[in-house]
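Pasting input_29.cif here (mmCIF, C-alpha atoms and all ligand atoms):
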data_entry
loop_
_atom_site.label_atom_id
_atom_site.label_comp_id
_atom_site.auth_asym_id
_atom_site.auth_seq_id
_atom_site.Cartn_x
_atom_site.Cartn_y
_atom_site.Cartn_z
CA MET L 42 8.26 -1.51 14.16
CA PRO L 43 8.57 -5.18 15.21
CA ARG L 44 9.73 -7.63 12.52
CA LEU L 45 6.42 -9.56 12.65
CA SER L 46 4.38 -6.40 11.98
CA CYS L 47 6.59 -5.71 8.93
CA TYR L 48 5.87 -9.20 7.63
CA PHE L 49 2.12 -8.87 8.29
CA ILE L 50 1.89 -5.49 6.55
CA ARG L 51 4.07 -6.42 3.57
CA ALA L 52 2.06 -9.60 3.04
CA ALA L 53 -1.17 -7.52 3.31
CA LEU L 54 0.09 -5.15 0.58
CA ILE L 55 0.86 -8.11 -1.71
CA TYR L 56 -2.67 -9.48 -1.17
CA LEU L 57 -4.13 -6.03 -1.89
CA ALA L 58 -2.24 -5.95 -5.20
CA LEU L 59 -3.44 -9.45 -6.14
CA GLY L 60 -7.00 -8.68 -5.03
CA ALA L 61 -7.05 -5.41 -6.95
CA LEU L 62 -5.79 -7.26 -10.04
CA LEU L 63 -8.69 -9.72 -9.87
CA GLY L 64 -11.11 -6.89 -8.97
CA GLY L 65 -9.94 -4.90 -11.99
CA LEU L 66 -10.44 -7.92 -14.19
CA ILE L 67 -13.98 -8.40 -12.89
CA LEU L 68 -14.68 -4.69 -13.36
CA SER L 69 -13.45 -4.92 -16.96
CA ALA L 70 -15.78 -7.88 -17.48
CA LYS L 71 -18.69 -5.49 -16.89
CA GLY L 72 -17.54 -3.48 -19.91
CA ALA L 73 -16.69 -6.44 -22.10
CA PRO L 74 -18.99 -9.26 -20.97
CA SER L 75 -18.56 -11.35 -24.12
CA THR L 76 -14.75 -11.51 -24.00
CA LEU L 77 -14.11 -11.25 -20.23
CA GLY L 78 -17.25 -12.91 -18.83
CA TRP L 79 -15.08 -15.74 -17.40
CA ALA L 80 -13.50 -13.25 -14.96
CA TRP L 81 -16.60 -13.39 -12.72
CA GLN L 82 -15.45 -16.86 -11.65
CA PHE L 83 -12.74 -15.11 -9.68
CA LEU L 84 -15.14 -13.11 -7.49
CA PRO L 85 -14.87 -15.52 -4.49
CA ALA L 86 -11.04 -15.46 -4.78
CA HIS L 87 -11.14 -11.63 -4.99
CA ILE L 88 -13.21 -11.41 -1.80
CA GLN L 89 -10.92 -13.86 0.02
CA LEU L 90 -7.79 -11.92 -0.99
CA VAL L 91 -9.05 -8.47 -0.03
CA ILE L 92 -10.90 -9.39 3.18
CA GLY L 93 -8.65 -12.11 4.68
CA GLY L 94 -5.37 -11.21 2.98
CA TRP L 95 -5.56 -7.40 3.05
CA LEU L 96 -8.04 -6.06 5.63
CA ILE L 97 -7.65 -8.63 8.40
CA GLN L 98 -3.90 -9.07 7.93
CA LEU L 99 -3.30 -5.30 7.96
CA SER L 100 -5.30 -4.93 11.20
CA LEU L 101 -3.43 -7.77 12.90
CA GLY L 102 -0.04 -6.40 11.84
CA VAL L 103 -0.83 -2.94 13.19
CA ALA L 104 -2.38 -4.40 16.37
CA TYR L 105 0.75 -6.48 17.10
CA TRP L 106 2.73 -3.27 16.87
CA ILE L 107 0.55 -0.84 18.85
CA LEU L 108 -1.22 -2.82 21.55
CA PRO L 109 0.22 -1.90 24.95
CA ARG L 110 3.32 -3.84 25.95
CA ARG L 111 3.17 -5.59 29.26
CA ASP L 112 6.13 -3.96 30.99
CA GLY L 113 9.15 -1.72 30.56
CA THR L 114 11.14 -4.50 28.81
CA GLY L 115 8.81 -4.26 25.80
CA ASP L 116 7.25 -7.69 26.42
CA ARG L 117 4.61 -8.36 23.73
CA GLY L 118 2.71 -11.08 25.57
CA ARG L 119 2.86 -14.36 23.68
CA PRO L 120 4.83 -13.68 20.48
CA ALA L 121 4.99 -17.38 19.49
CA ALA L 122 1.18 -17.35 19.16
CA ALA L 123 1.34 -14.23 16.97
CA TRP L 124 3.91 -15.91 14.69
CA LEU L 125 1.68 -18.98 14.50
CA CYS L 126 -1.16 -16.64 13.51
CA PHE L 127 0.93 -15.15 10.69
CA ALA L 128 1.86 -18.59 9.32
CA ALA L 129 -1.65 -20.10 9.60
CA LEU L 130 -3.37 -16.99 8.17
CA ASN L 131 -1.14 -16.90 5.11
CA VAL L 132 -1.35 -20.63 4.40
CA GLY L 133 -5.14 -20.39 4.93
CA VAL L 134 -5.74 -17.29 2.79
CA ALA L 135 -3.36 -18.20 -0.06
CA GLY L 136 -4.64 -21.80 -0.04
CA ALA L 137 -8.30 -20.73 -0.05
CA ALA L 138 -7.76 -18.15 -2.82
CA ILE L 139 -6.04 -20.73 -5.07
CA LEU L 140 -8.68 -23.39 -4.33
CA LEU L 141 -11.55 -20.93 -4.95
CA ALA L 142 -10.01 -19.98 -8.29
CA LEU L 143 -9.48 -23.68 -9.15
CA ARG L 144 -13.09 -24.47 -8.26
CA ALA L 145 -14.16 -22.31 -11.19
CA VAL L 146 -12.76 -24.93 -13.58
CA LEU L 147 -12.76 -28.09 -11.47
CA GLN L 148 -15.52 -29.60 -9.33
CA ALA L 149 -14.20 -32.26 -6.94
CA ALA L 150 -14.89 -33.39 -3.38
CA TRP L 151 -11.18 -33.22 -2.49
CA LEU L 152 -11.16 -29.56 -3.49
CA ASP L 153 -13.99 -28.82 -1.06
CA ALA L 154 -12.21 -30.79 1.69
CA LEU L 155 -9.02 -28.77 1.16
CA LEU L 156 -11.07 -25.58 1.20
CA GLY L 157 -12.43 -26.65 4.60
CA LEU L 158 -8.85 -27.13 5.83
CA ALA L 159 -7.86 -23.67 4.55
CA ALA L 160 -10.82 -22.18 6.42
CA LEU L 161 -9.75 -24.04 9.57
CA GLY L 162 -6.25 -22.56 9.15
CA GLN L 163 -7.79 -19.08 9.17
CA VAL L 164 -9.86 -19.83 12.28
CA LEU L 165 -6.74 -21.17 14.02
CA ALA L 166 -4.87 -18.00 13.02
CA LEU L 167 -7.51 -15.73 14.59
CA ALA L 168 -7.65 -17.85 17.76
CA ALA L 169 -3.84 -17.74 18.05
CA PHE L 170 -3.85 -13.95 17.68
CA ALA L 171 -6.51 -13.60 20.38
CA TRP L 172 -4.42 -15.85 22.66
CA HIS L 173 -1.39 -13.60 22.06
CA ALA L 174 -3.26 -10.31 22.48
CA TRP L 175 -5.43 -11.13 25.51
CA PRO L 176 -2.85 -10.34 28.23
CA ARG L 177 -1.93 -7.08 26.42
CA VAL L 178 -5.49 -5.79 26.60
CA ALA L 179 -5.93 -5.07 30.29
CA PRO L 180 -6.99 -1.92 32.14
CA VAL L 181 -4.12 0.07 33.61
CA LEU L 182 -4.68 1.11 37.22
CA THR L 183 -3.69 4.75 37.62
CA GLN L 184 -3.25 6.40 40.98
CA ALA L 185 -5.70 9.20 41.73
CA ARG L 186 -3.87 12.54 41.61
CA PRO L 187 -4.23 14.93 44.52
CA SER L 188 -6.44 17.85 43.61
CA ALA L 189 -4.77 21.19 42.71
CA HIS L 190 -6.10 23.13 45.71
C1 LIG I 201 -8.66 -2.32 -5.21
C2 LIG I 201 -9.42 -2.45 -6.24
C3 LIG I 201 -10.71 -3.23 -6.28
C4 LIG I 201 -11.41 -3.45 -7.40
C5 LIG I 201 -11.06 -2.96 -8.79
C6 LIG I 201 -12.59 -4.22 -7.03
C7 LIG I 201 -13.57 -4.63 -7.92
C8 LIG I 201 -14.66 -5.37 -7.58
C9 LIG I 201 -15.73 -5.76 -8.49
C10 LIG I 201 -15.83 -5.35 -9.95
C11 LIG I 201 -16.63 -6.48 -7.80
C12 LIG I 201 -17.92 -7.07 -8.33
C13 LIG I 201 -19.04 -6.06 -8.02
C14 LIG I 201 -20.39 -6.55 -8.48
O1 LIG I 201 -20.88 -7.58 -8.02
O2 LIG I 201 -20.97 -5.85 -9.33
C15 LIG I 201 -16.15 -6.57 -6.44
C16 LIG I 201 -16.82 -7.23 -5.44
C17 LIG I 201 -16.45 -7.21 -4.16
N1 LIG I 201 -15.33 -6.61 -3.62
FE1 LIG I 201 -13.91 -5.60 -4.67
N2 LIG I 201 -12.57 -4.44 -5.69
C18 LIG I 201 -11.44 -3.87 -5.17
C19 LIG I 201 -11.06 -3.85 -3.84
C20 LIG I 201 -11.79 -4.39 -2.82
C21 LIG I 201 -11.47 -4.26 -1.43
C22 LIG I 201 -10.28 -3.47 -0.87
C23 LIG I 201 -12.43 -4.93 -0.75
C24 LIG I 201 -12.61 -5.14 0.72
C25 LIG I 201 -12.03 -4.47 1.64
C26 LIG I 201 -13.36 -5.51 -1.69
C27 LIG I 201 -14.43 -6.29 -1.38
C28 LIG I 201 -15.34 -6.77 -2.28
C29 LIG I 201 -16.52 -7.55 -1.91
C30 LIG I 201 -16.93 -7.97 -0.49
C31 LIG I 201 -17.20 -7.83 -3.09
C32 LIG I 201 -18.50 -8.64 -3.23
C33 LIG I 201 -19.67 -7.66 -3.24
C34 LIG I 201 -20.97 -8.34 -3.56
O3 LIG I 201 -20.98 -9.47 -4.07
O4 LIG I 201 -22.01 -7.71 -3.32
N3 LIG I 201 -12.93 -5.15 -2.95
N4 LIG I 201 -14.97 -5.89 -6.34
#
Can you present the structure in this file as structure tokens?
Amino acid sequence: MPRLSCYFIRAALIYLALGALLGGLILSAKGAPSTLGWAWQFLPAHIQLVIGGWLIQLSLGVAYWILPRRDGTGDRGRPAAAWLCFAALNVGVAGAAILLALRAVLQAAWLDALLGLAALGQVLALAAFAWHAWPRVAPVLTQARPSAH
């Protein structure tokens, strides 16, 4: 498995653990609304962690690994763009999750502006991954085989 896929998948597992922790807390709040009612403030952070941090990151990590390589040398297209994707996605997802959690206790315009930047980081990450993957997703021309008879 390529090193970048390892990083993607390990990071995804960490986000799943963090997301499940917040999800468990929110679930517990259903049983104990008077003591744990505050946990609902972490719902947006939970969704960010499990969708952006877990689901999307896991798919990208596996895709980097299994999409067809371009030739016999194992060329993976544009690896620099895939590394940029990894960096921008993690800064974007971790930043957004922290800011969304902070927003529960703090209302400020700068917080919203930073949240916008974190979202832009995630968009940049997806665009960079598409740029990397595009040349790897091409039809392979196969020669017609002569018929058996
Ligand atoms: C792993 C353990 C998880 C736990 C304990 C958990 C728990 C929860 C709870 C209690 C809620 C609030 C439900 C409600 O509004 O009544 C919630 C919402 C949500 N969770 Fe999770 N969750 C987990 C994993 C995931 C995963 C893996 C995903 C996505 C792949 C996910 C996506 C969502 C979404 C999108 C919502 C918002 C649903 C809505 O508002 O209608 N969760 N979760």
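With all atoms listed in the file counted, the chains near ligand LIG 201 (chain I) contribute these residues within 9 Å: L:Leu57, L:Ala58, L:Leu59, L:Gly60, L:Ala61, L:Leu62, L:Leu63, L:Gly64, L:Gly65, L:Leu66, L:Ile67, L:Leu68, L:Ser69, L:Ala70, L:Lys71, L:Trp81, L:Leu84, L:Pro85, L:His87, L:Ile88, L:Gln89, L:Leu90, L:Val91, L:Ile92, L:Gly93, L:Trp95, L:Leu96.
Residues in contact with region 138-147 of chain L at up to 6 Å, not including ones fewer than 5 positions away on its chain and judged by all atoms listed in the file, are L:Gln82, L:Phe83, L:Ala86.
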Written selection (C-alpha atoms) as a PDB file, in the coordinates of the input:
ATOM      1  CA  GLN L  82     -15.450 -16.860 -11.650  1.00  0.00           C
ATOM      2  CA  PHE L  83     -12.740 -15.110  -9.680  1.00  0.00           C
ATOM      3  CA  ALA L  86     -11.040 -15.460  -4.780  1.00  0.00           C
TER       4      ALA L  86
END
Checklist entry - Contacts of region 119-129 of chain L at 8 Å or less, counting all atoms listed in the file, minus same-chain residues fewer than 3 places along, as a ChimeraX atom specification? => result /L:45,49,105,132-133,162-163,165-170,172-174
Please produce an output containing C-alpha atoms for each residue in the selection, written as an mmCIF file, keeping the file's coordinate frame.
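As a result, result_36.cif now contains:
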data_model
loop_
_atom_site.group_PDB
_atom_site.id
_atom_site.type_symbol
_atom_site.label_atom_id
_atom_site.label_comp_id
_atom_site.auth_asym_id
_atom_site.auth_seq_id
_atom_site.Cartn_x
_atom_site.Cartn_y
_atom_site.Cartn_z
ATOM 1 C CA LEU L 45 6.420 -9.560 12.650
ATOM 2 C CA PHE L 49 2.120 -8.870 8.290
ATOM 3 C CA TYR L 105 0.750 -6.480 17.100
ATOM 4 C CA VAL L 132 -1.350 -20.630 4.400
ATOM 5 C CA GLY L 133 -5.140 -20.390 4.930
ATOM 6 C CA GLY L 162 -6.250 -22.560 9.150
ATOM 7 C CA GLN L 163 -7.790 -19.080 9.170
ATOM 8 C CA LEU L 165 -6.740 -21.170 14.020
ATOM 9 C CA ALA L 166 -4.870 -18.000 13.020
ATOM 10 C CA LEU L 167 -7.510 -15.730 14.590
ATOM 11 C CA ALA L 168 -7.650 -17.850 17.760
ATOM 12 C CA ALA L 169 -3.840 -17.740 18.050
ATOM 13 C CA PHE L 170 -3.850 -13.950 17.680
ATOM 14 C CA TRP L 172 -4.420 -15.850 22.660
ATOM 15 C CA HIS L 173 -1.390 -13.600 22.060
ATOM 16 C CA ALA L 174 -3.260 -10.310 22.480
#
Item to check | Distance of CA of Tyr56 (chain L) from CA of Thr76 (chain L), expressed in Å to one decimal place | outcome: 25.9 Å
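We find CA of Gly157 (chain L) and CA of Trp175 (chain L) to be spaced 27.0 Å apart.
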Checklist entry - Distance CA of Ser46 (chain L)-CA of Gly115 (chain L), one decimal place? => result 14.7 Å
Item to check | Selection near Arg117 (chain L), 8 Å with only C-alpha atoms, sequence-local residues under 5 positions removed, as a VMD selection string | outcome: chain L and resid 105 109 to 111 177
Hey, which bits of region 159-181 of chain L sit within 12 Å of region 148-154 of chain L, and for each residue what's the closest pair of atoms and how far apart in Å (one decimal), counting only C-alpha atoms, rows by chain and increasing number, as JSON lines?
{"residue": "L:Ala159", "atom": "CA", "partner": "L:Ala154", "partner_atom": "CA", "distance": 8.8}
{"residue": "L:Ala160", "atom": "CA", "partner": "L:Ala154", "partner_atom": "CA", "distance": 9.9}
{"residue": "L:Leu161", "atom": "CA", "partner": "L:Ala154", "partner_atom": "CA", "distance": 10.7}
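Residue nearest Gly118 (chain L), chosen from L:Ala73, L:Trp106, L:Val181, L:Gly136 and counting only C-alpha atoms: L:Trp106.
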Since the input is missing atoms for region 48-62 of chain L, could you rebuild it with N, CA, C and O atoms and give the result as a short mmCIF file (atom, residue, chain, number, x, y, z; two decimals), in the coordinates of the input?
data_model
loop_
_atom_site.label_atom_id
_atom_site.label_comp_id
_atom_site.auth_asym_id
_atom_site.auth_seq_id
_atom_site.Cartn_x
_atom_site.Cartn_y
_atom_site.Cartn_z
N TYR L 48 6.28 -8.06 8.47
CA TYR L 48 5.87 -9.20 7.63
C TYR L 48 4.37 -9.18 7.36
O TYR L 48 3.91 -9.37 6.25
N PHE L 49 3.59 -8.92 8.43
CA PHE L 49 2.12 -8.87 8.29
C PHE L 49 1.74 -7.81 7.24
O PHE L 49 0.94 -8.07 6.34
N ILE L 50 2.32 -6.62 7.38
CA ILE L 50 1.89 -5.49 6.55
C ILE L 50 2.38 -5.65 5.11
O ILE L 50 1.65 -5.37 4.15
N ARG L 51 3.60 -6.17 4.94
CA ARG L 51 4.07 -6.42 3.57
C ARG L 51 3.23 -7.48 2.89
O ARG L 51 2.86 -7.34 1.71
N ALA L 52 2.90 -8.54 3.62
CA ALA L 52 2.06 -9.60 3.04
C ALA L 52 0.69 -9.00 2.68
O ALA L 52 0.14 -9.28 1.60
N ALA L 53 0.14 -8.14 3.57
CA ALA L 53 -1.17 -7.52 3.31
C ALA L 53 -1.12 -6.71 2.01
O ALA L 53 -2.06 -6.76 1.20
N LEU L 54 -0.02 -5.97 1.80
CA LEU L 54 0.09 -5.15 0.58
C LEU L 54 0.14 -6.04 -0.67
O LEU L 54 -0.44 -5.70 -1.71
N ILE L 55 0.81 -7.19 -0.55
CA ILE L 55 0.86 -8.11 -1.71
C ILE L 55 -0.55 -8.64 -2.02
O ILE L 55 -0.98 -8.68 -3.16
N TYR L 56 -1.29 -9.00 -0.96
CA TYR L 56 -2.67 -9.48 -1.17
C TYR L 56 -3.55 -8.37 -1.77
O TYR L 56 -4.42 -8.65 -2.59
N LEU L 57 -3.32 -7.13 -1.32
CA LEU L 57 -4.13 -6.03 -1.89
C LEU L 57 -3.86 -5.92 -3.39
O LEU L 57 -4.81 -5.78 -4.19
N ALA L 58 -2.58 -6.04 -3.78
CA ALA L 58 -2.24 -5.95 -5.20
C ALA L 58 -2.91 -7.08 -5.98
O ALA L 58 -3.51 -6.86 -7.04
N LEU L 59 -2.83 -8.31 -5.44
CA LEU L 59 -3.44 -9.45 -6.14
C LEU L 59 -4.96 -9.30 -6.20
O LEU L 59 -5.58 -9.56 -7.24
N GLY L 60 -5.54 -8.85 -5.08
CA GLY L 60 -7.00 -8.68 -5.03
C GLY L 60 -7.46 -7.60 -5.98
O GLY L 60 -8.49 -7.74 -6.66
N ALA L 61 -6.69 -6.51 -6.05
CA ALA L 61 -7.05 -5.41 -6.95
C ALA L 61 -6.94 -5.87 -8.41
O ALA L 61 -7.75 -5.46 -9.26
N LEU L 62 -5.96 -6.74 -8.68
CA LEU L 62 -5.79 -7.26 -10.04
C LEU L 62 -7.05 -8.05 -10.45
O LEU L 62 -7.62 -7.81 -11.53
#
